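Read the structure below first, then the notes.
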Amino acid sequence: MSSRASQALARPFTLGSAELPNRIVMAPMTRQKSPRGVPGEDVAAYYARRAAAGTGLIITEGTYVDHASAGFSGDIPRFHGEEQLAGWSRVVRAVHAEGGKIMPQLWHVGIQRPAGAGPFPEAPVVGPSGVGLDGEPGAGSPLTLSDIDDLINAFAEAAWAAERIGFDGIELHGAHGYLIDQFLWERTNKRTDAFGGDPVERTRFAVDIVKAIRERVAPDFPVVLRFSQWKADNYDAKLAENPDELSAILTPLADAGVDAFHASGRRYWEPEFPESGSELNVAGWAKKVTGKPVITVGSVGLDAIFDPASLAGKGAGVESIERLLERFERDEFDMVAIGRALLADPLWGQKVLEDRQHELVPFTKDALVNLY
């Protein structure tokens with residue numbers, strides 16, 4: 001007899017042209033193990049191990065689009081350049097050989113890039129308005145309209161390259177206070193042109209990126225958007241204060257061609273808008289207001305919530321996923337992304353699907369140091 005976990009998570013799921021073998025997703029997690037931005041054989045093996053052990057969809061760590069100001073480390077992979085794309089092609093082949101599906105997360109950090117950092121240290125720090133995540137001015141230079149056109153093209157070119165080398169879709173990093181999120185968020189977007197204004201007007205940058213991607217790739221090539229309420233080091237931030245605001249932000253993105261939303265929360269079990277009387281988490285609300293498939297995430301399978309301390313040596317023990325399964329049974333979301341638990345235990349998916357949760361491995365800082 002199949003287990004409760006298997007009944008909920010082993011079901012296939014179709015997302016555009018991607019036929020996913022189950023509902024388990026590897027969350028994107030930065031590893032900084034790609035010198036010169038090139039993912040090597042070790043990176044390919046790292047992702048393939050998880051695909052072989054029951055992770056149906058891999059979303060790669062964030063990978064920089066072709067813009068000099070995109071990133072802050074030369075060891076984070078890039079999604080441009082002949083050598084870099086050849087490395088990613090190797091990753092795709094390795095994951096597909098194990099029966100998994102894989103999407104790159106396309107990334108630009110915007111104002112979170114320290115001046116002089118990254119593979120192109122001479123490049124300026126840029127953002128929507130020169131305003132930091134704290135709401136204070138002086139955080140880089142505001143992007144010109146020409147700059148914005150270049151960035152939209154960079155994301156579209158990366159998506160086209162992903163399809164060309166065999167990826168099963170792409171994810172746009174529109175969360176955690178990075179560039180796309182900086183345009184979406186009122187605190188960091190003070191623009192008075194077409195790329196700023198009310199919640200709908202602030203979606204213009206992301207909408208134009210999605211539209212440009214849809215023009216370059218096949219109609220059924222999946223485009224996922226990751227978004228979050230919280231921002232880096234600001235866990236109380238709110239992109240949307242209520243369901244109506246969330247609908248105003250996500251609906252234009254869905255209409256532009258986003259196929260699924262990856263709703264990044266820190267605790268999947270917490271209601272996002274408790275004053276509404278609903279127990280839906282942020283992923284559940286995203287599904288409710290858009291009708292699109294959603295991925296939930298946030299401290300799944302661990303007894304310590306995501307925070308900087310948990311990534312600096314605090315660690316986390318194994319915890320039951322019964323609450324997660326209850327929400328799956330209510331059809332609150334469609335897929336679940338596993339982060340730290342899957343770093344620590346490449347076999348997480350297989351163990352859960354085979355009702356071997358007692359064999360799961362706790363998360364420790366060693367999982368951050370090595371590519372298990």
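Residues in the structure tokens are numbered from 1 in each chain, the chains being A, B, ... in the order shown, and ligands are numbered from 1 in the order shown.
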Residue contacts of region 270-281 of chain A (10 Å, only C-alpha atoms) excluding same-chain residues fewer than 2 positions away, as a PDB file with all heavy atoms, in the first residue's frame:
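Listed below is the output, out25.pdb:
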```pdb
ATOM      1  N   GLN A 229       7.387  37.758  -0.041  1.00  0.00           N
ATOM      2  CA  GLN A 229       7.060  38.910   0.789  1.00  0.00           C
ATOM      3  C   GLN A 229       8.344  39.448   1.438  1.00  0.00           C
ATOM      4  O   GLN A 229       8.663  40.617   1.342  1.00  0.00           O
ATOM      5  CB  GLN A 229       6.047  38.501   1.871  1.00  0.00           C
ATOM      6  CG  GLN A 229       4.675  38.113   1.354  1.00  0.00           C
ATOM      7  CD  GLN A 229       3.771  39.310   1.163  1.00  0.00           C
ATOM      8  OE1 GLN A 229       4.137  40.266   0.476  1.00  0.00           O
ATOM      9  NE2 GLN A 229       2.597  39.268   1.771  1.00  0.00           N
ATOM     10  N   ALA A 240       3.016  42.669  -0.549  1.00  0.00           N
ATOM     11  CA  ALA A 240       1.575  42.920  -0.592  1.00  0.00           C
ATOM     12  C   ALA A 240       1.026  42.844   0.827  1.00  0.00           C
ATOM     13  O   ALA A 240       1.323  41.909   1.565  1.00  0.00           O
ATOM     14  CB  ALA A 240       0.880  41.893  -1.483  1.00  0.00           C
ATOM     15  N   GLU A 241       0.213  43.814   1.198  1.00  0.00           N
ATOM     16  CA  GLU A 241      -0.335  43.862   2.546  1.00  0.00           C
ATOM     17  C   GLU A 241      -1.612  43.035   2.699  1.00  0.00           C
ATOM     18  O   GLU A 241      -2.020  42.743   3.817  1.00  0.00           O
ATOM     19  CB  GLU A 241      -0.641  45.315   2.935  1.00  0.00           C
ATOM     20  CG  GLU A 241       0.593  46.205   3.057  1.00  0.00           C
ATOM     21  CD  GLU A 241       1.469  45.852   4.246  1.00  0.00           C
ATOM     22  OE1 GLU A 241       0.958  45.183   5.185  1.00  0.00           O
ATOM     23  OE2 GLU A 241       2.643  46.241   4.253  1.00  0.00           O
ATOM     24  N   ASN A 242      -2.229  42.670   1.576  1.00  0.00           N
ATOM     25  CA  ASN A 242      -3.502  41.957   1.637  1.00  0.00           C
ATOM     26  C   ASN A 242      -3.702  41.206   0.326  1.00  0.00           C
ATOM     27  O   ASN A 242      -2.955  41.404  -0.637  1.00  0.00           O
ATOM     28  CB  ASN A 242      -4.649  42.924   1.911  1.00  0.00           C
ATOM     29  CG  ASN A 242      -4.673  44.077   0.920  1.00  0.00           C
ATOM     30  OD1 ASN A 242      -4.799  43.855  -0.281  1.00  0.00           O
ATOM     31  ND2 ASN A 242      -4.544  45.307   1.417  1.00  0.00           N
ATOM     32  N   PRO A 243      -4.698  40.322   0.265  1.00  0.00           N
ATOM     33  CA  PRO A 243      -4.909  39.541  -0.961  1.00  0.00           C
ATOM     34  C   PRO A 243      -5.166  40.394  -2.198  1.00  0.00           C
ATOM     35  O   PRO A 243      -4.740  40.020  -3.303  1.00  0.00           O
ATOM     36  CB  PRO A 243      -6.126  38.683  -0.615  1.00  0.00           C
ATOM     37  CG  PRO A 243      -6.082  38.538   0.865  1.00  0.00           C
ATOM     38  CD  PRO A 243      -5.559  39.851   1.369  1.00  0.00           C
ATOM     39  N   ALA A 263       6.381  30.661  -4.633  1.00  0.00           N
ATOM     40  CA  ALA A 263       6.127  31.621  -3.562  1.00  0.00           C
ATOM     41  C   ALA A 263       7.041  31.336  -2.381  1.00  0.00           C
ATOM     42  O   ALA A 263       6.848  30.359  -1.657  1.00  0.00           O
ATOM     43  CB  ALA A 263       4.667  31.556  -3.135  1.00  0.00           C
ATOM     44  N   GLY A 265       8.293  31.519   1.085  1.00  0.00           N
ATOM     45  CA  GLY A 265       7.971  31.851   2.468  1.00  0.00           C
ATOM     46  C   GLY A 265       8.957  31.168   3.390  1.00  0.00           C
ATOM     47  O   GLY A 265       9.618  30.201   3.002  1.00  0.00           O
ATOM     48  N   ARG A 266       9.067  31.640   4.609  1.00  0.00           N
ATOM     49  CA  ARG A 266      10.020  31.039   5.550  1.00  0.00           C
ATOM     50  C   ARG A 266       9.417  29.863   6.316  1.00  0.00           C
ATOM     51  O   ARG A 266      10.136  28.993   6.793  1.00  0.00           O
ATOM     52  CB  ARG A 266      10.514  32.092   6.534  1.00  0.00           C
ATOM     53  CG  ARG A 266      11.297  33.215   5.874  1.00  0.00           C
ATOM     54  CD  ARG A 266      11.669  34.283   6.882  1.00  0.00           C
ATOM     55  NE  ARG A 266      12.550  33.773   7.906  1.00  0.00           N
ATOM     56  CZ  ARG A 266      12.484  34.143   9.188  1.00  0.00           C
ATOM     57  NH1 ARG A 266      11.546  34.973   9.610  1.00  0.00           N
ATOM     58  NH2 ARG A 266      13.359  33.656  10.056  1.00  0.00           N
ATOM     59  N   ARG A 267       8.094  29.849   6.469  1.00  0.00           N
ATOM     60  CA  ARG A 267       7.407  28.791   7.211  1.00  0.00           C
ATOM     61  C   ARG A 267       6.157  28.419   6.411  1.00  0.00           C
ATOM     62  O   ARG A 267       5.176  29.164   6.417  1.00  0.00           O
ATOM     63  CB  ARG A 267       7.003  29.282   8.593  1.00  0.00           C
ATOM     64  CG  ARG A 267       8.108  29.945   9.402  1.00  0.00           C
ATOM     65  CD  ARG A 267       7.528  30.549  10.686  1.00  0.00           C
ATOM     66  NE  ARG A 267       8.525  31.199  11.512  1.00  0.00           N
ATOM     67  CZ  ARG A 267       8.775  32.512  11.506  1.00  0.00           C
ATOM     68  NH1 ARG A 267       8.111  33.300  10.680  1.00  0.00           N
ATOM     69  NH2 ARG A 267       9.684  33.026  12.311  1.00  0.00           N
ATOM     70  N   TYR A 268       6.189  27.292   5.745  1.00  0.00           N
ATOM     71  CA  TYR A 268       5.099  26.948   4.837  1.00  0.00           C
ATOM     72  C   TYR A 268       3.766  26.807   5.549  1.00  0.00           C
ATOM     73  O   TYR A 268       2.688  26.915   4.936  1.00  0.00           O
ATOM     74  CB  TYR A 268       5.422  25.657   4.071  1.00  0.00           C
ATOM     75  CG  TYR A 268       5.308  24.398   4.904  1.00  0.00           C
ATOM     76  CD1 TYR A 268       4.085  23.749   5.076  1.00  0.00           C
ATOM     77  CD2 TYR A 268       6.427  23.860   5.536  1.00  0.00           C
ATOM     78  CE1 TYR A 268       3.984  22.609   5.851  1.00  0.00           C
ATOM     79  CE2 TYR A 268       6.337  22.723   6.309  1.00  0.00           C
ATOM     80  CZ  TYR A 268       5.114  22.100   6.477  1.00  0.00           C
ATOM     81  OH  TYR A 268       5.016  20.981   7.249  1.00  0.00           O
ATOM     82  N   ALA A 283       1.859  30.780  -0.952  1.00  0.00           N
ATOM     83  CA  ALA A 283       1.679  30.014  -2.182  1.00  0.00           C
ATOM     84  C   ALA A 283       0.194  29.754  -2.435  1.00  0.00           C
ATOM     85  O   ALA A 283      -0.287  29.877  -3.572  1.00  0.00           O
ATOM     86  CB  ALA A 283       2.442  28.694  -2.110  1.00  0.00           C
ATOM     87  N   GLY A 284      -0.511  29.402  -1.391  1.00  0.00           N
ATOM     88  CA  GLY A 284      -1.942  29.161  -1.535  1.00  0.00           C
ATOM     89  C   GLY A 284      -2.689  30.382  -2.030  1.00  0.00           C
ATOM     90  O   GLY A 284      -3.584  30.281  -2.886  1.00  0.00           O
ATOM     91  N   TRP A 285      -2.320  31.535  -1.519  1.00  0.00           N
ATOM     92  CA  TRP A 285      -2.951  32.773  -1.984  1.00  0.00           C
ATOM     93  C   TRP A 285      -2.574  33.067  -3.429  1.00  0.00           C
ATOM     94  O   TRP A 285      -3.410  33.540  -4.216  1.00  0.00           O
ATOM     95  CB  TRP A 285      -2.568  33.940  -1.084  1.00  0.00           C
ATOM     96  CG  TRP A 285      -3.442  34.064   0.119  1.00  0.00           C
ATOM     97  CD1 TRP A 285      -3.129  33.798   1.421  1.00  0.00           C
ATOM     98  CD2 TRP A 285      -4.815  34.466   0.115  1.00  0.00           C
ATOM     99  NE1 TRP A 285      -4.209  34.004   2.234  1.00  0.00           N
ATOM    100  CE2 TRP A 285      -5.263  34.421   1.465  1.00  0.00           C
ATOM    101  CE3 TRP A 285      -5.719  34.842  -0.877  1.00  0.00           C
ATOM    102  CZ2 TRP A 285      -6.575  34.755   1.828  1.00  0.00           C
ATOM    103  CZ3 TRP A 285      -7.022  35.177  -0.520  1.00  0.00           C
ATOM    104  CH2 TRP A 285      -7.439  35.135   0.827  1.00  0.00           C
ATOM    105  N   ALA A 286      -1.324  32.801  -3.803  1.00  0.00           N
ATOM    106  CA  ALA A 286      -0.915  33.017  -5.199  1.00  0.00           C
ATOM    107  C   ALA A 286      -1.762  32.169  -6.138  1.00  0.00           C
ATOM    108  O   ALA A 286      -2.187  32.627  -7.213  1.00  0.00           O
ATOM    109  CB  ALA A 286       0.564  32.701  -5.375  1.00  0.00           C
ATOM    110  N   LYS A 287      -2.024  30.935  -5.754  1.00  0.00           N
ATOM    111  CA  LYS A 287      -2.866  30.056  -6.581  1.00  0.00           C
ATOM    112  C   LYS A 287      -4.305  30.568  -6.629  1.00  0.00           C
ATOM    113  O   LYS A 287      -4.939  30.580  -7.696  1.00  0.00           O
ATOM    114  CB  LYS A 287      -2.814  28.636  -6.031  1.00  0.00           C
ATOM    115  CG  LYS A 287      -3.597  27.630  -6.866  1.00  0.00           C
ATOM    116  CD  LYS A 287      -3.365  26.207  -6.377  1.00  0.00           C
ATOM    117  CE  LYS A 287      -4.098  25.213  -7.281  1.00  0.00           C
ATOM    118  NZ  LYS A 287      -3.820  23.811  -6.893  1.00  0.00           N
ATOM    119  N   LYS A 288      -4.788  31.024  -5.498  1.00  0.00           N
ATOM    120  CA  LYS A 288      -6.176  31.484  -5.416  1.00  0.00           C
ATOM    121  C   LYS A 288      -6.415  32.717  -6.289  1.00  0.00           C
ATOM    122  O   LYS A 288      -7.430  32.816  -6.987  1.00  0.00           O
ATOM    123  CB  LYS A 288      -6.544  31.799  -3.964  1.00  0.00           C
ATOM    124  CG  LYS A 288      -7.989  32.216  -3.747  1.00  0.00           C
ATOM    125  CD  LYS A 288      -8.250  32.471  -2.275  1.00  0.00           C
ATOM    126  CE  LYS A 288      -9.687  32.919  -2.032  1.00  0.00           C
ATOM    127  NZ  LYS A 288     -10.645  31.838  -2.300  1.00  0.00           N
ATOM    128  N   THR A 296       5.261  25.763  -3.231  1.00  0.00           N
ATOM    129  CA  THR A 296       5.452  26.285  -1.884  1.00  0.00           C
ATOM    130  C   THR A 296       6.844  25.918  -1.407  1.00  0.00           C
ATOM    131  O   THR A 296       7.487  24.997  -1.917  1.00  0.00           O
ATOM    132  CB  THR A 296       4.388  25.747  -0.913  1.00  0.00           C
ATOM    133  OG1 THR A 296       4.397  26.526   0.294  1.00  0.00           O
ATOM    134  CG2 THR A 296       4.648  24.291  -0.543  1.00  0.00           C
ATOM    135  N   VAL A 297       7.334  26.643  -0.407  1.00  0.00           N
ATOM    136  CA  VAL A 297       8.662  26.395   0.148  1.00  0.00           C
ATOM    137  C   VAL A 297       8.712  27.044   1.524  1.00  0.00           C
ATOM    138  O   VAL A 297       7.925  27.937   1.822  1.00  0.00           O
ATOM    139  CB  VAL A 297       9.765  26.980  -0.784  1.00  0.00           C
ATOM    140  CG1 VAL A 297       9.764  28.499  -0.763  1.00  0.00           C
ATOM    141  CG2 VAL A 297      11.153  26.435  -0.432  1.00  0.00           C
ATOM    142  N   GLY A 298       9.637  26.586   2.354  1.00  0.00           N
ATOM    143  CA  GLY A 298       9.826  27.249   3.648  1.00  0.00           C
ATOM    144  C   GLY A 298       9.970  26.297   4.809  1.00  0.00           C
ATOM    145  O   GLY A 298       8.979  25.867   5.399  1.00  0.00           O
ATOM    146  N   ARG A 327      -1.896  19.932   3.701  1.00  0.00           N
ATOM    147  CA  ARG A 327      -2.142  21.049   2.784  1.00  0.00           C
ATOM    148  C   ARG A 327      -2.179  20.574   1.336  1.00  0.00           C
ATOM    149  O   ARG A 327      -2.955  21.094   0.526  1.00  0.00           O
ATOM    150  CB  ARG A 327      -1.097  22.138   3.004  1.00  0.00           C
ATOM    151  CG  ARG A 327      -1.299  22.874   4.317  1.00  0.00           C
ATOM    152  CD  ARG A 327      -0.169  23.851   4.622  1.00  0.00           C
ATOM    153  NE  ARG A 327      -0.448  24.572   5.845  1.00  0.00           N
ATOM    154  CZ  ARG A 327      -0.967  25.803   5.895  1.00  0.00           C
ATOM    155  NH1 ARG A 327      -1.261  26.433   4.772  1.00  0.00           N
ATOM    156  NH2 ARG A 327      -1.191  26.402   7.034  1.00  0.00           N
ATOM    157  N   GLU A 332      -3.899  23.044  -1.719  1.00  0.00           N
ATOM    158  CA  GLU A 332      -3.494  24.431  -1.486  1.00  0.00           C
ATOM    159  C   GLU A 332      -2.395  24.860  -2.450  1.00  0.00           C
ATOM    160  O   GLU A 332      -2.312  26.018  -2.840  1.00  0.00           O
ATOM    161  CB  GLU A 332      -3.015  24.584  -0.038  1.00  0.00           C
ATOM    162  CG  GLU A 332      -2.649  26.003   0.335  1.00  0.00           C
ATOM    163  CD  GLU A 332      -2.355  26.172   1.812  1.00  0.00           C
ATOM    164  OE1 GLU A 332      -2.944  25.430   2.630  1.00  0.00           O
ATOM    165  OE2 GLU A 332      -1.534  27.040   2.154  1.00  0.00           O
ATOM    166  N   PHE A 333      -1.534  23.904  -2.808  1.00  0.00           N
ATOM    167  CA  PHE A 333      -0.464  24.179  -3.766  1.00  0.00           C
ATOM    168  C   PHE A 333      -0.208  22.919  -4.573  1.00  0.00           C
ATOM    169  O   PHE A 333      -0.768  21.861  -4.288  1.00  0.00           O
ATOM    170  CB  PHE A 333       0.803  24.676  -3.070  1.00  0.00           C
ATOM    171  CG  PHE A 333       1.034  24.108  -1.692  1.00  0.00           C
ATOM    172  CD1 PHE A 333       1.391  22.776  -1.519  1.00  0.00           C
ATOM    173  CD2 PHE A 333       0.891  24.894  -0.557  1.00  0.00           C
ATOM    174  CE1 PHE A 333       1.602  22.252  -0.259  1.00  0.00           C
ATOM    175  CE2 PHE A 333       1.091  24.376   0.714  1.00  0.00           C
ATOM    176  CZ  PHE A 333       1.451  23.060   0.868  1.00  0.00           C
TER     177      PHE A 333
END
```
(message) I want to know what sits within 10 Å of Gly81 (chain A), based on only C-alpha atoms, with residues of the same chain fewer than 5 positions away left out; could you give that as JSON, numbers by chain?
(response) {"A": [37, 38, 66, 86, 87]}
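Of the listed residues A:Glu61, A:Asp75, A:Glu329, A:Glu186, the one whose atoms come nearest to Met29 (chain A) is A:Glu61, with distances taken using only C-alpha atoms.
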Please produce, as CSV, a per-residue contact table for region 33-110 of chain A versus region 144-148 of chain A (criterion: any atom at most 12 Å away, only C-alpha atoms considered), showing the nearest atom pair and its distance in Å to one decimal, sorted by chain then residue number.
```
residue,atom,partner,partner_atom,distance
A:His67,CA,A:Asp147,CA,9.8
A:Ala68,CA,A:Asp147,CA,11.4
A:Ser69,CA,A:Asp147,CA,11.0
A:Gly110,CA,A:Ile148,CA,11.8
```
Mind writing the picked residues with all heavy atoms as a PDB file, in the first residue's frame?
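Here's the written file result24.pdb:
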```
ATOM      1  N   HIS A  67      24.881  40.757 -17.852  1.00  0.00           N
ATOM      2  CA  HIS A  67      24.902  42.187 -17.532  1.00  0.00           C
ATOM      3  C   HIS A  67      26.012  42.375 -16.508  1.00  0.00           C
ATOM      4  O   HIS A  67      26.071  41.655 -15.511  1.00  0.00           O
ATOM      5  CB  HIS A  67      23.558  42.639 -16.963  1.00  0.00           C
ATOM      6  CG  HIS A  67      23.432  44.117 -16.812  1.00  0.00           C
ATOM      7  ND1 HIS A  67      23.710  44.768 -15.639  1.00  0.00           N
ATOM      8  CD2 HIS A  67      23.064  45.075 -17.705  1.00  0.00           C
ATOM      9  CE1 HIS A  67      23.504  46.064 -15.801  1.00  0.00           C
ATOM     10  NE2 HIS A  67      23.111  46.280 -17.053  1.00  0.00           N
ATOM     11  N   ALA A  68      26.888  43.318 -16.751  1.00  0.00           N
ATOM     12  CA  ALA A  68      28.107  43.443 -15.929  1.00  0.00           C
ATOM     13  C   ALA A  68      27.811  43.656 -14.451  1.00  0.00           C
ATOM     14  O   ALA A  68      28.603  43.266 -13.590  1.00  0.00           O
ATOM     15  CB  ALA A  68      28.974  44.581 -16.463  1.00  0.00           C
ATOM     16  N   SER A  69      26.669  44.257 -14.131  1.00  0.00           N
ATOM     17  CA  SER A  69      26.321  44.554 -12.737  1.00  0.00           C
ATOM     18  C   SER A  69      25.492  43.455 -12.078  1.00  0.00           C
ATOM     19  O   SER A  69      25.000  43.645 -10.968  1.00  0.00           O
ATOM     20  CB  SER A  69      25.544  45.876 -12.674  1.00  0.00           C
ATOM     21  OG  SER A  69      26.297  46.951 -13.190  1.00  0.00           O
ATOM     22  N   GLY A 110      20.952  43.481  -8.551  1.00  0.00           N
ATOM     23  CA  GLY A 110      20.621  44.894  -8.424  1.00  0.00           C
ATOM     24  C   GLY A 110      21.400  45.588  -7.327  1.00  0.00           C
ATOM     25  O   GLY A 110      22.622  45.448  -7.220  1.00  0.00           O
TER      26      GLY A 110
END
```
(message) as a PyMOL selection string, please: the residues near Ser320 (chain A) (cut-off 9 Å, only C-alpha atoms, same-chain neighbours under 4 positions excluded).
(response) chain A and resi 300-303+324+357
Could you save the residues just selected, with N, CA, C and O atoms, as a PDB file, in the first residue's frame?
```pdb
ATOM      1  N   VAL A 300      10.684  23.183   5.075  1.00  0.00           N
ATOM      2  CA  VAL A 300      10.045  21.872   4.948  1.00  0.00           C
ATOM      3  C   VAL A 300      10.970  20.788   5.489  1.00  0.00           C
ATOM      4  O   VAL A 300      12.148  20.710   5.136  1.00  0.00           O
ATOM      5  N   GLY A 301      10.422  19.944   6.360  1.00  0.00           N
ATOM      6  CA  GLY A 301      11.150  18.792   6.879  1.00  0.00           C
ATOM      7  C   GLY A 301      12.176  19.087   7.942  1.00  0.00           C
ATOM      8  O   GLY A 301      12.923  18.189   8.341  1.00  0.00           O
ATOM      9  N   LEU A 302      12.235  20.341   8.432  1.00  0.00           N
ATOM     10  CA  LEU A 302      13.225  20.717   9.437  1.00  0.00           C
ATOM     11  C   LEU A 302      12.552  21.363  10.639  1.00  0.00           C
ATOM     12  O   LEU A 302      11.481  21.965  10.518  1.00  0.00           O
ATOM     13  N   ASP A 303      13.203  21.270  11.794  1.00  0.00           N
ATOM     14  CA  ASP A 303      12.608  21.803  13.019  1.00  0.00           C
ATOM     15  C   ASP A 303      13.098  23.192  13.375  1.00  0.00           C
ATOM     16  O   ASP A 303      12.790  23.708  14.448  1.00  0.00           O
ATOM     17  N   LEU A 324       2.498  19.421   5.917  1.00  0.00           N
ATOM     18  CA  LEU A 324       2.638  19.655   4.485  1.00  0.00           C
ATOM     19  C   LEU A 324       1.667  18.774   3.709  1.00  0.00           C
ATOM     20  O   LEU A 324       0.984  19.242   2.788  1.00  0.00           O
ATOM     21  N   GLN A 357      11.194   7.996   6.271  1.00  0.00           N
ATOM     22  CA  GLN A 357      11.541   9.281   6.888  1.00  0.00           C
ATOM     23  C   GLN A 357      12.461   9.125   8.089  1.00  0.00           C
ATOM     24  O   GLN A 357      13.218  10.043   8.413  1.00  0.00           O
TER      25      GLN A 357
END
```
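Using only C-alpha atoms, the nearest neighbour of Ala194 (chain A) within the list A:Ala154, A:Pro128, A:Leu246, A:Leu172 is A:Pro128.
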(message) Can you tell me which residues surround Gly169 (chain A) at a distance of at most 12 Å, considering only C-alpha atoms, apart from same-chain residues fewer than 5 positions away, and format the answer as a ChimeraX atom specification?
(response) /A:14-20,57-60,92,101-106,158-164,213-214,217-225,258-260
Emit the selected residues as an mmCIF file, in the first residue's frame, including C-alpha atoms.
```
data_model
loop_
_atom_site.group_PDB
_atom_site.id
_atom_site.type_symbol
_atom_site.label_atom_id
_atom_site.label_comp_id
_atom_site.auth_asym_id
_atom_site.auth_seq_id
_atom_site.Cartn_x
_atom_site.Cartn_y
_atom_site.Cartn_z
ATOM 1 C CA THR A 14 2.500 18.759 -16.263
ATOM 2 C CA LEU A 15 3.887 22.281 -16.491
ATOM 3 C CA GLY A 16 3.806 23.396 -20.108
ATOM 4 C CA SER A 17 6.094 21.083 -22.065
ATOM 5 C CA ALA A 18 7.674 19.733 -18.869
ATOM 6 C CA GLU A 19 6.303 16.397 -17.692
ATOM 7 C CA LEU A 20 7.441 16.284 -14.080
ATOM 8 C CA LEU A 57 12.389 19.073 -10.716
ATOM 9 C CA ILE A 58 15.721 20.765 -10.058
ATOM 10 C CA ILE A 59 15.737 24.563 -9.944
ATOM 11 C CA THR A 60 19.382 25.532 -10.087
ATOM 12 C CA VAL A 92 21.326 19.250 -18.149
ATOM 13 C CA LYS A 101 13.821 17.792 -15.065
ATOM 14 C CA ILE A 102 15.815 20.984 -14.582
ATOM 15 C CA MET A 103 15.359 24.746 -14.894
ATOM 16 C CA PRO A 104 17.965 27.477 -14.347
ATOM 17 C CA GLN A 105 17.132 30.363 -12.067
ATOM 18 C CA LEU A 106 17.995 33.597 -13.895
ATOM 19 C CA ALA A 158 19.274 33.726 -21.202
ATOM 20 C CA ALA A 159 15.855 32.064 -21.473
ATOM 21 C CA TRP A 160 16.402 31.421 -25.180
ATOM 22 C CA ALA A 161 19.821 29.895 -24.413
ATOM 23 C CA ALA A 162 18.245 27.688 -21.731
ATOM 24 C CA GLU A 163 15.760 26.264 -24.206
ATOM 25 C CA ARG A 164 18.453 25.831 -26.840
ATOM 26 C CA ILE A 213 10.966 35.709 -23.067
ATOM 27 C CA ARG A 214 7.670 34.490 -24.481
ATOM 28 C CA VAL A 217 10.909 30.620 -26.637
ATOM 29 C CA ALA A 218 8.335 28.013 -27.601
ATOM 30 C CA PRO A 219 4.767 28.750 -26.455
ATOM 31 C CA ASP A 220 4.784 25.785 -24.072
ATOM 32 C CA PHE A 221 8.300 26.346 -22.652
ATOM 33 C CA PRO A 222 7.622 26.881 -18.929
ATOM 34 C CA VAL A 223 8.351 30.237 -17.294
ATOM 35 C CA VAL A 224 8.274 30.236 -13.490
ATOM 36 C CA LEU A 225 8.514 33.389 -11.366
ATOM 37 C CA VAL A 258 4.130 33.242 -16.270
ATOM 38 C CA ASP A 259 3.161 29.564 -16.094
ATOM 39 C CA ALA A 260 3.721 29.027 -12.365
#
```
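Residues of region 21-214 of chain A assigned to strand (DSSP E) by DSSP on this structure's backbone: Ile24, Val25, Met26, Leu57, Ile58, Ile59, Thr60, Glu61, Gly62, Thr63, Tyr64, Lys101, Ile102, Met103, Pro104, Gln105, Leu106, Trp107, Val126, Gly127, Ser141, Pro142, Ile170, Glu171, Leu172, His173, Gly174, Ala175 and His176 of chain A.
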(message) Just checking: using only C-alpha atoms, which residue out of A:Met26, A:Ala175, A:Ala123, A:Val207 ends up closest to Trp107 (chain A)?
(response) A:Ala175
(message) Neighbouring residues of Arg90 (chain A) were defined as those with any atom within 10 Å, considering only C-alpha atoms; residues of the same chain fewer than 3 positions away were excluded. Please report them as an MDAnalysis selection string.
(response) chainID A and resid 39:41 43:45 85:87 93:95 165
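One finds CA of Ser141 (chain A) at 4.8 Å from CA of Val126 (chain A).
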(request) Compile the contact shell of Gln7 (chain A) as a count of residues only: residues with an atom at most 12 Å away, counting only C-alpha atoms, same-chain residues fewer than 5 positions apart removed. (result) 13
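Counting only C-alpha atoms and comparing A:Asp42, A:Gly339, A:Arg50, A:Ser3, the residue that lies closest to Leu371 (chain A) is A:Asp42.
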(request) DSSP on the backbone, then: every residue of region 136-331 of chain A marked helix (DSSP H, G or I), written as a PyMOL selection string. (result) chain A and resi 145-164+179-184+201-216+243-256+274-276+282-290+308-311+322-329
(message) Report, in Å to a single decimal, how far apart CA of Ile321 (chain A) and CA of Arg4 (chain A) are.
(response) 10.4 Å
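Picture a line from CA of Lys33 (chain A) to CA of Pro121 (chain A); it runs 19.2 Å.
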